[in-house]
>>> print(open('input36.cif').read())   # mmCIF, C-alpha atoms
data_my_file
loop_
_atom_site.label_atom_id
_atom_site.label_comp_id
_atom_site.auth_asym_id
_atom_site.auth_seq_id
_atom_site.Cartn_x
_atom_site.Cartn_y
_atom_site.Cartn_z
CA MET A 222 -20.13 -99.95 108.29
CA SER A 223 -20.16 -102.14 111.36
CA ARG A 224 -20.04 -105.85 110.59
CA SER A 225 -22.43 -106.42 113.48
CA THR A 226 -25.16 -104.53 111.65
CA CYS A 227 -25.09 -107.12 108.87
CA ASN A 228 -27.46 -110.08 109.05
CA LEU A 229 -24.60 -112.36 108.08
CA GLN A 230 -23.04 -111.93 111.54
CA ARG A 231 -25.45 -114.60 112.80
CA LEU A 232 -23.91 -117.11 110.44
CA ARG A 233 -20.60 -117.20 112.28
CA PRO A 234 -21.05 -115.80 115.80
CA HIS A 235 -17.92 -117.50 117.18
CA ARG A 236 -15.48 -116.11 114.67
CA ALA A 237 -14.70 -112.74 113.10
CA LEU A 238 -14.90 -112.28 109.36
CA PRO A 239 -11.60 -110.98 107.98
CA THR A 240 -11.08 -110.68 104.25
CA SER A 241 -7.95 -109.89 102.31
CA TYR A 242 -8.99 -108.17 99.09
CA HIS A 243 -11.99 -105.89 99.45
CA TYR A 244 -12.16 -104.92 103.11
CA ALA A 245 -9.24 -105.25 105.48
CA PHE A 246 -11.16 -103.52 108.25
CA VAL A 247 -14.85 -104.30 108.68
CA SER A 248 -15.00 -103.07 112.24
CA ALA A 249 -15.59 -99.34 111.80
CA SER A 250 -18.86 -98.01 113.16
CA SER A 251 -19.71 -96.12 109.99
CA ARG A 252 -18.76 -96.12 106.33
CA SER A 253 -16.74 -92.91 106.67
CA LYS A 254 -14.83 -94.35 109.61
CA TYR A 255 -14.32 -97.54 107.63
CA ASN A 256 -12.92 -95.67 104.64
CA THR A 257 -10.54 -93.67 106.86
CA ALA A 258 -9.30 -96.82 108.58
CA TYR A 259 -8.94 -98.64 105.28
CA SER A 260 -6.94 -95.79 103.70
CA ARG A 261 -4.62 -95.69 106.70
CA HIS A 262 -4.18 -99.44 106.57
CA ARG A 263 -3.36 -99.37 102.85
CA THR A 264 -0.70 -96.69 103.45
CA LEU A 265 0.93 -98.78 106.17
CA LEU A 266 0.64 -101.98 104.18
CA ASN A 267 2.17 -100.47 101.07
CA SER A 268 5.12 -99.14 103.07
CA PHE A 269 5.82 -102.50 104.68
CA THR A 270 5.49 -104.51 101.48
CA SER A 271 7.78 -102.25 99.47
CA GLY A 272 11.35 -103.35 98.79
CA GLN A 273 12.88 -100.70 101.03
CA ASN A 274 11.04 -102.04 104.06
CA ALA A 275 11.32 -105.76 103.33
CA ASN A 276 14.11 -106.00 105.88
CA GLU A 277 11.72 -104.80 108.58
CA THR A 278 9.75 -108.02 108.20
CA SER A 279 12.94 -110.05 108.46
CA LYS A 280 13.90 -108.20 111.63
CA ALA A 281 10.45 -108.82 113.11
CA ILE A 282 10.68 -112.54 112.36
CA ALA A 283 14.11 -112.65 114.02
CA THR A 284 12.61 -111.34 117.27
CA LEU A 285 10.01 -114.09 117.55
CA THR A 286 12.26 -116.38 119.59
CA GLU A 287 12.76 -113.78 122.31
CA ARG A 288 9.21 -112.41 122.17
CA ILE A 289 7.42 -115.76 122.34
CA PRO A 290 9.78 -118.09 124.27
CA PRO A 291 8.77 -121.35 125.95
CA GLY A 292 7.23 -120.65 129.35
CA ILE A 293 5.52 -117.40 128.33
CA ALA A 294 1.93 -117.06 129.52
CA ILE A 295 -0.76 -117.33 126.84
CA TYR A 296 -2.07 -113.87 127.77
CA ASP A 297 1.38 -112.29 127.31
CA ALA A 298 2.01 -114.22 124.09
CA LEU A 299 -1.21 -112.83 122.64
CA GLN A 300 -0.52 -109.22 123.60
CA LEU A 301 3.07 -109.27 122.34
CA SER A 302 2.21 -110.95 119.04
CA ILE A 303 -0.67 -108.54 118.38
CA GLU A 304 1.72 -105.63 118.92
CA LEU A 305 4.24 -107.17 116.53
CA LEU A 306 1.64 -107.77 113.83
CA GLU A 307 0.40 -104.19 114.19
CA GLU A 308 3.95 -102.84 113.90
CA CYS A 309 4.35 -104.72 110.61
CA ALA A 310 0.94 -103.58 109.27
CA ILE A 311 -0.40 -107.12 108.99
CA PRO A 312 -4.14 -107.09 108.18
CA GLU A 313 -6.41 -108.05 111.11
CA PRO A 314 -3.58 -108.31 113.67
CA GLU A 315 -5.75 -109.36 116.61
CA GLU A 316 -7.75 -111.88 114.60
CA SER A 317 -4.52 -113.27 113.18
CA ALA A 318 -2.94 -113.77 116.61
CA LEU A 319 -6.07 -115.42 118.00
CA HIS A 320 -6.40 -117.87 115.11
CA LEU A 321 -2.70 -118.71 114.97
CA LEU A 322 -2.31 -119.29 118.71
CA SER A 323 -5.47 -121.39 118.79
CA HIS A 324 -3.98 -123.47 115.98
CA ALA A 325 -0.60 -123.79 117.74
CA LEU A 326 -2.32 -124.88 120.96
CA ASN A 327 -4.46 -127.37 119.01
CA LEU A 328 -7.64 -125.92 120.50
CA SER A 329 -11.04 -126.81 119.10
CA TRP A 330 -11.84 -125.05 115.82
CA GLU A 331 -15.37 -124.40 117.03
CA SER A 332 -14.43 -122.89 120.42
CA GLY A 333 -10.69 -122.14 120.59
CA TYR A 334 -10.88 -118.77 118.88
CA ARG A 335 -13.68 -117.64 121.18
CA GLU A 336 -11.84 -118.83 124.29
CA LEU A 337 -8.70 -116.92 123.33
CA ARG A 338 -10.71 -113.81 122.51
CA GLU A 339 -12.00 -113.86 126.10
CA VAL A 340 -8.40 -114.17 127.28
CA SER A 341 -7.33 -111.24 125.10
CA ALA A 342 -10.13 -109.10 126.54
CA LEU A 343 -8.82 -109.45 130.11
CA PRO A 344 -7.29 -106.28 131.58
CA SER A 345 -3.59 -105.91 132.33
CA PRO A 346 -2.43 -106.76 134.93
CA LEU A 347 -4.61 -109.86 135.12
CA PRO A 348 -7.41 -109.62 137.70
CA GLU A 349 -7.75 -111.70 140.83
CA ARG A 350 -9.53 -115.02 140.41
CA ALA A 351 -12.61 -113.80 142.31
CA SER A 352 -13.24 -111.03 139.76
CA ALA A 353 -12.73 -113.05 136.57
CA ASN A 354 -14.02 -116.18 134.91
CA SER A 355 -11.82 -118.89 136.42
CA ARG A 356 -11.64 -120.94 133.23
CA THR A 357 -10.61 -117.90 131.17
CA LEU A 358 -8.06 -116.85 133.78
CA ASP A 359 -6.60 -120.35 133.95
CA LEU A 360 -6.14 -120.35 130.18
CA ALA A 361 -4.59 -116.87 130.27
CA GLN A 362 -2.02 -117.94 132.86
CA LYS A 363 -1.17 -121.24 131.21
CA THR A 364 2.33 -121.21 129.72
CA LEU A 365 3.51 -122.37 126.31
CA THR A 366 5.53 -125.55 126.12
CA GLN A 367 8.63 -125.61 123.94
CA GLU A 368 6.69 -127.45 121.22
CA GLN A 369 3.82 -124.93 121.35
CA SER A 370 6.22 -121.99 121.34
CA ILE A 371 8.06 -123.26 118.26
CA ALA A 372 4.77 -124.01 116.49
CA TYR A 373 3.44 -120.52 117.23
CA GLN A 374 6.67 -118.84 116.11
CA THR A 375 6.49 -120.77 112.82
CA LEU A 376 2.89 -119.71 112.21
CA MET A 377 3.65 -116.10 113.13
CA SER A 378 6.64 -116.09 110.77
CA ARG A 379 4.37 -117.06 107.88
CA ARG A 380 1.81 -114.38 108.78
CA LEU A 381 4.53 -111.73 109.06
CA GLN A 382 5.33 -112.51 105.43
CA PHE A 383 1.71 -111.63 104.59
CA GLU A 384 0.61 -115.19 103.89
CA PRO A 385 -3.20 -115.31 104.13
CA LEU A 386 -4.45 -116.53 107.48
CA GLN A 387 -6.72 -119.07 105.79
CA TYR A 388 -3.76 -120.81 104.14
CA ILE A 389 -1.79 -120.96 107.38
CA VAL A 390 -4.55 -122.58 109.47
CA GLY A 391 -5.80 -124.59 106.48
CA ARG A 392 -9.49 -123.99 107.00
CA TRP A 393 -12.10 -121.26 107.31
CA ASP A 394 -15.77 -120.79 108.05
CA PHE A 395 -18.16 -119.87 105.28
CA HIS A 396 -21.88 -119.38 105.69
CA HIS A 397 -23.05 -122.45 107.67
CA LEU A 398 -19.92 -124.43 106.84
CA THR A 399 -17.63 -124.65 109.87
CA GLY A 400 -14.01 -125.43 109.08
CA LEU A 401 -14.04 -125.61 105.28
CA THR A 402 -10.66 -126.88 104.05
CA ILE A 403 -8.59 -124.19 102.29
CA ARG A 404 -5.53 -124.84 100.15
CA LYS A 405 -3.20 -122.54 98.25
CA PRO A 406 -3.69 -121.12 95.63
CA MET A 407 -7.51 -121.31 95.66
CA LEU A 408 -9.15 -118.03 96.66
CA CYS A 409 -9.87 -117.66 100.35
CA PRO A 410 -13.64 -117.40 100.97
CA ARG A 411 -14.74 -113.80 101.58
CA PRO A 412 -17.64 -112.69 103.77
CA GLU A 413 -19.31 -110.73 100.97
CA THR A 414 -19.64 -113.97 99.01
CA GLU A 415 -21.88 -115.26 101.81
CA GLU A 416 -24.33 -112.60 100.71
CA LEU A 417 -24.23 -114.03 97.19
CA VAL A 418 -25.22 -117.42 98.65
CA GLU A 419 -28.15 -115.81 100.47
CA PHE A 420 -29.47 -114.31 97.23
CA VAL A 421 -29.36 -117.69 95.51
CA MET A 422 -31.04 -119.40 98.46
CA SER A 423 -33.85 -116.87 98.33
CA ASP A 424 -34.49 -117.85 94.71
CA ILE A 425 -34.33 -121.55 95.60
CA GLU A 426 -37.07 -121.04 98.18
CA HIS A 427 -39.36 -119.83 95.39
CA LEU A 428 -38.46 -122.81 93.17
CA ASN A 429 -38.86 -125.55 95.77
CA LYS A 430 -42.51 -126.09 94.80
CA GLN A 431 -41.57 -127.68 91.48
CA GLN A 432 -41.76 -131.46 91.18
CA ARG A 433 -38.07 -132.06 90.48
CA LYS A 434 -34.93 -130.95 92.29
CA VAL A 435 -33.65 -127.43 91.70
CA ARG A 436 -30.54 -127.64 89.52
CA VAL A 437 -27.78 -125.13 90.31
CA LEU A 438 -24.62 -124.46 88.30
CA ASP A 439 -21.65 -122.90 90.15
CA VAL A 440 -19.12 -121.50 87.67
CA GLY A 441 -15.60 -121.18 89.08
CA CYS A 442 -16.03 -123.18 92.28
CA GLY A 443 -12.55 -122.81 93.85
CA THR A 444 -12.87 -124.34 97.32
CA GLY A 445 -16.47 -125.31 96.61
CA ALA A 446 -17.75 -122.90 99.27
CA ILE A 447 -20.72 -121.48 97.34
CA GLY A 448 -22.15 -124.71 95.93
CA ILE A 449 -21.54 -126.78 99.06
CA ALA A 450 -23.19 -124.16 101.28
CA ILE A 451 -26.25 -124.34 99.02
CA ALA A 452 -26.23 -128.14 98.89
CA ARG A 453 -25.91 -128.47 102.66
CA GLN A 454 -28.85 -126.13 103.19
CA TYR A 455 -31.08 -128.07 100.73
CA PRO A 456 -29.65 -131.63 100.48
CA GLU A 457 -33.01 -133.13 99.50
CA HIS A 458 -34.03 -130.38 97.11
CA VAL A 459 -31.03 -129.35 94.96
CA GLN A 460 -28.48 -130.77 92.57
CA VAL A 461 -25.33 -128.67 92.30
CA VAL A 462 -22.85 -128.97 89.44
CA ALA A 463 -19.66 -126.95 89.87
CA LEU A 464 -17.05 -126.02 87.27
CA ASP A 465 -13.42 -124.98 87.51
CA VAL A 466 -10.42 -124.94 85.20
CA SER A 467 -8.06 -125.90 88.03
CA PRO A 468 -7.63 -129.64 88.79
CA GLU A 469 -6.63 -128.68 92.35
CA ALA A 470 -9.84 -126.70 92.80
CA VAL A 471 -12.01 -129.54 91.47
CA ALA A 472 -10.32 -132.04 93.80
CA LEU A 473 -10.64 -129.72 96.81
CA SER A 474 -14.31 -128.96 96.07
CA ASN A 475 -15.19 -132.64 95.85
CA ASP A 476 -13.24 -133.36 99.05
CA ASN A 477 -15.07 -130.59 100.89
CA ALA A 478 -18.40 -131.83 99.53
CA ALA A 479 -17.71 -135.30 100.90
CA GLU A 480 -16.83 -133.81 104.30
CA PHE A 481 -19.88 -131.59 104.62
CA LEU A 482 -22.58 -133.61 102.86
CA SER A 483 -21.85 -137.25 103.75
CA ASP A 484 -23.45 -136.97 107.19
CA LEU A 485 -26.69 -135.73 105.60
CA ILE A 486 -27.11 -138.01 102.59
CA GLY A 487 -24.54 -140.80 102.99
CA LYS A 488 -21.01 -140.96 101.63
CA GLY A 489 -22.01 -142.85 98.51
CA ASN A 490 -24.69 -140.34 97.55
CA VAL A 491 -22.69 -137.10 97.52
CA ASP A 492 -22.36 -137.08 93.71
CA ASP A 493 -26.16 -137.03 93.45
CA VAL A 494 -26.21 -133.67 95.25
CA TYR A 495 -22.86 -132.07 94.46
CA GLN A 496 -20.25 -132.72 91.80
CA ALA A 497 -17.35 -130.56 90.66
CA LEU A 498 -16.12 -130.96 87.07
CA LEU A 499 -12.88 -129.90 85.39
CA CYS A 500 -14.25 -127.61 82.70
CA SER A 501 -14.30 -123.95 81.71
CA ALA A 502 -17.45 -121.92 81.12
CA THR A 503 -16.67 -121.84 77.39
CA ASP A 504 -16.20 -125.61 77.14
CA PHE A 505 -19.29 -126.48 79.18
CA THR A 506 -21.41 -126.98 76.11
CA ASN A 507 -22.98 -129.78 74.10
CA HIS A 508 -21.73 -128.31 70.85
CA ASN A 509 -18.60 -130.46 71.24
CA GLU A 510 -18.20 -134.23 71.54
CA GLN A 511 -18.61 -134.19 75.33
CA ARG A 512 -22.26 -134.30 76.45
CA TYR A 513 -23.54 -132.67 79.63
CA GLU A 514 -26.93 -132.58 81.31
CA MET A 515 -28.15 -128.99 81.29
CA ASN A 516 -31.58 -127.65 82.29
CA PHE A 517 -30.26 -125.57 85.21
CA ASP A 518 -32.70 -123.45 87.17
CA LEU A 519 -30.06 -121.14 88.63
CA VAL A 520 -26.50 -120.19 87.76
CA VAL A 521 -24.18 -118.62 90.32
CA SER A 522 -20.62 -117.44 89.92
CA ASN A 523 -17.86 -115.61 91.70
CA PRO A 524 -15.65 -115.40 88.59
CA PRO A 525 -12.26 -113.71 88.11
CA TYR A 526 -13.39 -110.10 87.86
CA ILE A 527 -10.56 -107.75 88.85
CA PRO A 528 -9.57 -105.50 85.90
CA ALA A 529 -5.94 -105.99 84.84
CA LYS A 530 -5.06 -102.39 85.68
CA ASP A 531 -6.16 -102.91 89.30
CA MET A 532 -4.09 -106.04 89.87
CA ARG A 533 -1.00 -103.97 90.65
CA ASP A 534 -2.87 -102.30 93.50
CA LEU A 535 -3.64 -105.53 95.35
CA SER A 536 -1.75 -106.13 98.56
CA THR A 537 0.99 -108.71 99.01
CA ASP A 538 -1.22 -111.06 101.01
CA VAL A 539 -3.36 -111.42 97.87
CA VAL A 540 -1.07 -111.25 94.84
CA GLY A 541 1.77 -113.08 96.55
CA TYR A 542 -0.30 -116.15 97.33
CA GLU A 543 -3.73 -116.44 95.70
CA SER A 544 -4.23 -117.67 92.14
CA GLN A 545 -3.80 -114.84 89.63
CA SER A 546 -6.06 -116.60 87.14
CA ALA A 547 -8.82 -116.71 89.76
CA LEU A 548 -8.45 -112.99 90.42
CA CYS A 549 -7.88 -111.22 87.11
CA GLY A 550 -10.76 -111.01 84.66
CA GLY A 551 -8.83 -109.48 81.77
CA GLU A 552 -8.46 -105.87 80.69
CA ASP A 553 -11.86 -104.75 81.97
CA GLY A 554 -12.48 -107.69 84.32
CA LEU A 555 -15.35 -109.01 82.19
CA ASP A 556 -13.68 -111.83 80.21
CA VAL A 557 -15.20 -114.77 82.10
CA ILE A 558 -18.43 -112.88 82.68
CA ARG A 559 -18.86 -112.58 78.91
CA ASP A 560 -18.23 -116.32 78.56
CA ILE A 561 -20.94 -117.01 81.12
CA VAL A 562 -23.46 -114.74 79.40
CA ARG A 563 -22.87 -116.40 76.03
CA ARG A 564 -23.49 -119.87 77.48
CA LEU A 565 -26.43 -119.06 79.77
CA PRO A 566 -29.26 -119.89 77.31
CA GLU A 567 -27.84 -123.34 76.61
CA TRP A 568 -27.29 -124.03 80.31
CA VAL A 569 -30.87 -123.33 81.34
CA PHE A 570 -32.71 -125.26 78.59
CA SER A 571 -33.25 -129.02 78.56
CA ASP A 572 -30.91 -131.16 76.49
CA ASP A 573 -33.15 -131.22 73.41
CA HIS A 574 -33.94 -127.48 73.74
CA SER A 575 -37.64 -128.31 73.26
CA GLN A 576 -38.81 -127.82 76.83
CA ILE A 577 -40.62 -124.57 77.46
CA MET A 578 -39.37 -122.92 80.64
CA LYS A 579 -42.10 -122.76 83.28
CA HIS A 580 -40.25 -120.09 85.24
CA GLN A 581 -37.56 -117.51 84.61
CA ARG A 582 -34.00 -118.75 84.95
CA HIS A 583 -31.59 -116.46 86.75
CA CYS A 584 -27.86 -115.97 87.08
CA TRP A 585 -26.30 -114.33 90.16
CA MET A 586 -22.70 -113.08 89.96
CA GLU A 587 -20.27 -111.33 92.26
CA VAL A 588 -18.50 -108.63 90.25
CA ASP A 589 -16.15 -105.67 90.48
CA ASP A 590 -17.83 -102.49 91.66
CA SER A 591 -17.28 -100.96 88.21
CA HIS A 592 -19.25 -103.75 86.49
CA PRO A 593 -22.94 -103.29 87.39
CA THR A 594 -23.18 -100.08 85.36
CA LEU A 595 -21.34 -101.64 82.42
CA ILE A 596 -23.45 -104.80 82.49
CA ALA A 597 -26.67 -102.82 82.84
CA GLN A 598 -25.79 -100.90 79.67
CA TRP A 599 -24.55 -103.95 77.76
CA LEU A 600 -27.58 -106.16 78.54
CA ALA A 601 -30.29 -103.54 78.94
CA PRO A 602 -33.75 -105.08 78.28
CA GLY A 603 -34.60 -104.76 74.59
CA SER A 604 -31.06 -103.79 73.60
CA GLU A 605 -29.35 -105.35 70.60
CA GLU A 606 -26.88 -107.28 72.76
CA SER A 607 -29.58 -108.49 75.13
CA ILE A 608 -31.62 -109.83 72.21
CA ARG A 609 -28.53 -111.34 70.62
CA TRP A 610 -27.61 -113.40 73.69
CA GLY A 611 -31.08 -113.91 75.12
CA VAL A 612 -29.96 -112.50 78.46
CA GLU A 613 -31.16 -109.35 80.24
CA TYR A 614 -29.80 -107.35 83.13
CA SER A 615 -32.25 -107.55 86.03
CA GLU A 616 -30.76 -105.79 89.07
CA SER A 617 -27.65 -105.11 91.10
CA ARG A 618 -27.12 -105.13 94.84
CA LYS A 619 -24.57 -103.70 97.22
CA ASP A 620 -22.45 -105.65 99.67
CA PHE A 621 -22.38 -105.00 103.42
CA CYS A 622 -19.92 -102.12 102.93
CA GLY A 623 -22.12 -100.35 100.40
CA ARG A 624 -20.12 -101.35 97.30
CA ASP A 625 -21.87 -102.36 94.08
CA ARG A 626 -20.95 -106.03 94.19
CA PHE A 627 -23.69 -108.33 92.82
CA VAL A 628 -25.58 -108.57 89.53
CA LYS A 629 -28.65 -110.61 88.65
CA LEU A 630 -29.35 -111.60 85.04
CA VAL A 631 -32.48 -113.15 83.52
CA VAL A 632 -32.44 -115.63 80.66
CA LYS A 633 -35.29 -114.85 78.26
#
>>> encode(input="input36.cif", output="structure tokens")
Amino acid sequence: MSRSTCNLQRLRPHRALPTSYHYAFVSASSRSKYNTAYSRHRTLLNSFTSGQNANETSKAIATLTERIPPGIAIYDALQLSIELLEECAIPEPEESALHLLSHALNLSWESGYRELREVSALPSPLPERASANSRTLDLAQKTLTQEQSIAYQTLMSRRLQFEPLQYIVGRWDFHHLTGLTIRKPMLCPRPETEELVEFVMSDIEHLNKQQRKVRVLDVGCGTGAIGIAIARQYPEHVQVVALDVSPEAVALSNDNAAEFLSDLIGKGNVDDVYQALLCSATDFTNHNEQRYEMNFDLVVSNPPYIPAKDMRDLSTDVVGYESQSALCGGEDGLDVIRDIVRRLPEWVFSDDHSQIMKHQRHCWMEVDDSHPTLIAQWLAPGSEESIRWGVEYSESRKDFCGRDRFVKLVVK
């Protein structure tokens, strides 16, 4: 399915939307073309990440000095590095080269990628000045300094070892957040998760008429992308509490919140709108000594959901770098999802459990494509398990590639 047919394309018009785990190619013009391209990519990727071909990557890295020397034109550096990345079956070779060279040249995050894409689109040999945009042609003909050449070679070397692009450049766009800070080993934001944010925002629109702020709980915040995107869209109308078991994730989420919310509400007021806490879904309860304010209107989560048996099939750019605990959801991928379901009723009631809910409370989750059917059976309305936990399956939705990816639950 073409990425351009998805409404989310408008959210990031200046930058493409690569993703490492689910969809390495989102540029095919149809789902069948996409599946063919993806299968071919997986075959190439598996061959290059196997032990017998590990030396091919080392050989490719060794050629960087001669392929991208000081004095090479930016246009030539792009074309040669794209070819090298393709030869080594690196996911999104063109996008990788554009991002990495923009980073090495210290171009603007907002415009550098787009400027280099225009350079890459020029024909070879380069046209005369009269027939091309002079600014684009000037950039194409500009040569790399020794410092820029070394910087680009270093970045390319990391990418040739399948390190995720987001870790190398240290930031990524997500929804309306431009340049969200990314650090290893937190999961790199994926474009399908932007759809999850849209579903939650749609529910917030319906709740905005209530007298108090809409309270949102984000379980497993990672970089903070989901909760911060929501908070930035509704800074005067929501309170977001985010949970994670990783101290690094909690620190990064709060740092990102300060960066993206301070200009809207003031640096000293960020905690009133967004706060990440070091806590698991199981431990976020008032049944222990620690006391938390509950009464959440919405719960959202992109939890670890990959079944253990599927972990071995993930590519090197995922399993070699991203947090395993943030990826694997246990034997069937449902471990954390079960924890969330068991805690949902407590999370959505007021502290004294005496308040009668004036509206239904919902939980949106991103899940493995095997999960919607399982969850629909487990929490079918009126079923024993649904009555036991006070939670019902409501609906599932597909992502932009037609995969069953999102589930909505209702707390009764």
>>> atom_distance(input="input36.cif", atom1="CA of Arg512 in chain A", atom2="CA of Ile486 in chain A")
26.8 Å
>>> atom_distance(input="input36.cif", atom1="CA of Cys549 in chain A", atom2="CA of Gly441 in chain A")
12.8 Å
>>> resolve_selection(input="input36.cif", expression="the PyMOL selection byres ((chain A and resi 458) around 12)", output="PDB file with C-alpha atoms, in the frame of the given file")
ATOM      1  CA  MET A 422     -31.040-119.400  98.460  1.00  0.00           C
ATOM      2  CA  ILE A 425     -34.330-121.550  95.600  1.00  0.00           C
ATOM      3  CA  GLU A 426     -37.070-121.040  98.180  1.00  0.00           C
ATOM      4  CA  HIS A 427     -39.360-119.830  95.390  1.00  0.00           C
ATOM      5  CA  LEU A 428     -38.460-122.810  93.170  1.00  0.00           C
ATOM      6  CA  ASN A 429     -38.860-125.550  95.770  1.00  0.00           C
ATOM      7  CA  LYS A 430     -42.510-126.090  94.800  1.00  0.00           C
ATOM      8  CA  GLN A 431     -41.570-127.680  91.480  1.00  0.00           C
ATOM      9  CA  GLN A 432     -41.760-131.460  91.180  1.00  0.00           C
ATOM     10  CA  ARG A 433     -38.070-132.060  90.480  1.00  0.00           C
ATOM     11  CA  LYS A 434     -34.930-130.950  92.290  1.00  0.00           C
ATOM     12  CA  VAL A 435     -33.650-127.430  91.700  1.00  0.00           C
ATOM     13  CA  ARG A 436     -30.540-127.640  89.520  1.00  0.00           C
ATOM     14  CA  VAL A 437     -27.780-125.130  90.310  1.00  0.00           C
ATOM     15  CA  ILE A 451     -26.250-124.340  99.020  1.00  0.00           C
ATOM     16  CA  ALA A 452     -26.230-128.140  98.890  1.00  0.00           C
ATOM     17  CA  ARG A 453     -25.910-128.470 102.660  1.00  0.00           C
ATOM     18  CA  GLN A 454     -28.850-126.130 103.190  1.00  0.00           C
ATOM     19  CA  TYR A 455     -31.080-128.070 100.730  1.00  0.00           C
ATOM     20  CA  PRO A 456     -29.650-131.630 100.480  1.00  0.00           C
ATOM     21  CA  GLU A 457     -33.010-133.130  99.500  1.00  0.00           C
ATOM     22  CA  VAL A 459     -31.030-129.350  94.960  1.00  0.00           C
ATOM     23  CA  GLN A 460     -28.480-130.770  92.570  1.00  0.00           C
ATOM     24  CA  VAL A 461     -25.330-128.670  92.300  1.00  0.00           C
ATOM     25  CA  ILE A 486     -27.110-138.010 102.590  1.00  0.00           C
ATOM     26  CA  ASP A 493     -26.160-137.030  93.450  1.00  0.00           C
ATOM     27  CA  VAL A 494     -26.210-133.670  95.250  1.00  0.00           C
ATOM     28  CA  TYR A 495     -22.860-132.070  94.460  1.00  0.00           C
TER      29      TYR A 495
END
>>> residues_around(input="input36.cif", residues="Asn327 in chain A", least_positions_apart="6", cutoff="10 Å", atoms="only C-alpha atoms", output="CSV table (one decimal) with C-alpha atoms, in the frame of the given file")
chain,number,residue,atom,x,y,z
A,321,LEU,CA,-2.7,-118.7,115.0
A,333,GLY,CA,-10.7,-122.1,120.6
A,369,GLN,CA,3.8,-124.9,121.4
>>> closest_residue(input="input36.cif", among="A:Gly603, A:Pro348, A:Pro524, A:Pro291", to="Asp439 in chain A", atoms="only C-alpha atoms")
A:Pro524
>>> residues_around(input="input36.cif", residues="Gln382 in chain A", least_positions_apart="3", cutoff="8 Å", atoms="all atoms listed in the file", output="PyMOL selection string")
chain A and resi 278+378-379
>>> resolve_selection(input="input36.cif", expression="the PyMOL selection byres ((chain A and resi 613) around 9)", output="NGL selection string")
:A and (597 or 599-604 or 606-608 or 610-612 or 614-615 or 629-633)
>>> closest_residue(input="input36.cif", among="A:Leu386, A:Leu464, A:Val421, A:Val588", to="Arg624 in chain A", atoms="all atoms listed in the file")
A:Val588
>>> closest_residue(input="input36.cif", among="A:Gly391, A:Pro385, A:Pro346, A:Gly623", to="Ile403 in chain A", atoms="only C-alpha atoms")
A:Gly391
>>> atom_distance(input="input36.cif", atom1="CA of Arg392 in chain A", atom2="CA of Glu331 in chain A")
11.6 Å
>>> resolve_selection(input="input36.cif", expression="the PyMOL selection byres ((chain A and resi 445) around 10)", output="MDAnalysis selection string")
chainID A and resid 401:403 407 410 439 441:444 446:450 463:465 470:478 495:497
>>> closest_residue(input="input36.cif", among="A:Leu381, A:Ala502, A:Val628, A:Leu322", to="Arg563 in chain A", atoms="all atoms listed in the file")
A:Ala502
>>> closest_residue(input="input36.cif", among="A:Arg288, A:Arg564, A:Arg609, A:His508", to="Tyr373 in chain A", atoms="all atoms listed in the file")
A:Arg288
>>> residues_around(input="input36.cif", residues="Pro525 in chain A", least_positions_apart="5", cutoff="8 Å", atoms="all atoms listed in the file", output="PyMOL selection string")
chain A and resi 546-550+554+557
>>> closest_residue(input="input36.cif", among="A:Val540, A:Ile389, A:Val466, A:Leu285", to="Ser370 in chain A", atoms="only C-alpha atoms")
A:Leu285
>>> residues_around(input="input36.cif", residues="Pro593 in chain A", least_positions_apart="3", cutoff="8 Å", atoms="all atoms listed in the file", output="list in words")
Val588, Asp589, Asp590, Ile596, Ala597, Ser617, Asp625, Arg626, Phe627 and Val628 of chain A
>>> closest_atom_pairs(input="input36.cif", of="range 430-538 of chain A", to="range 299-315 of chain A", cutoff="12 Å", atoms="only C-alpha atoms", output="tab-separated table")
residue	atom	partner	partner_atom	distance
A:Ser536	CA	A:Pro312	CA	10.0
A:Thr537	CA	A:Ile311	CA	10.2
A:Asp538	CA	A:Pro312	CA	8.7
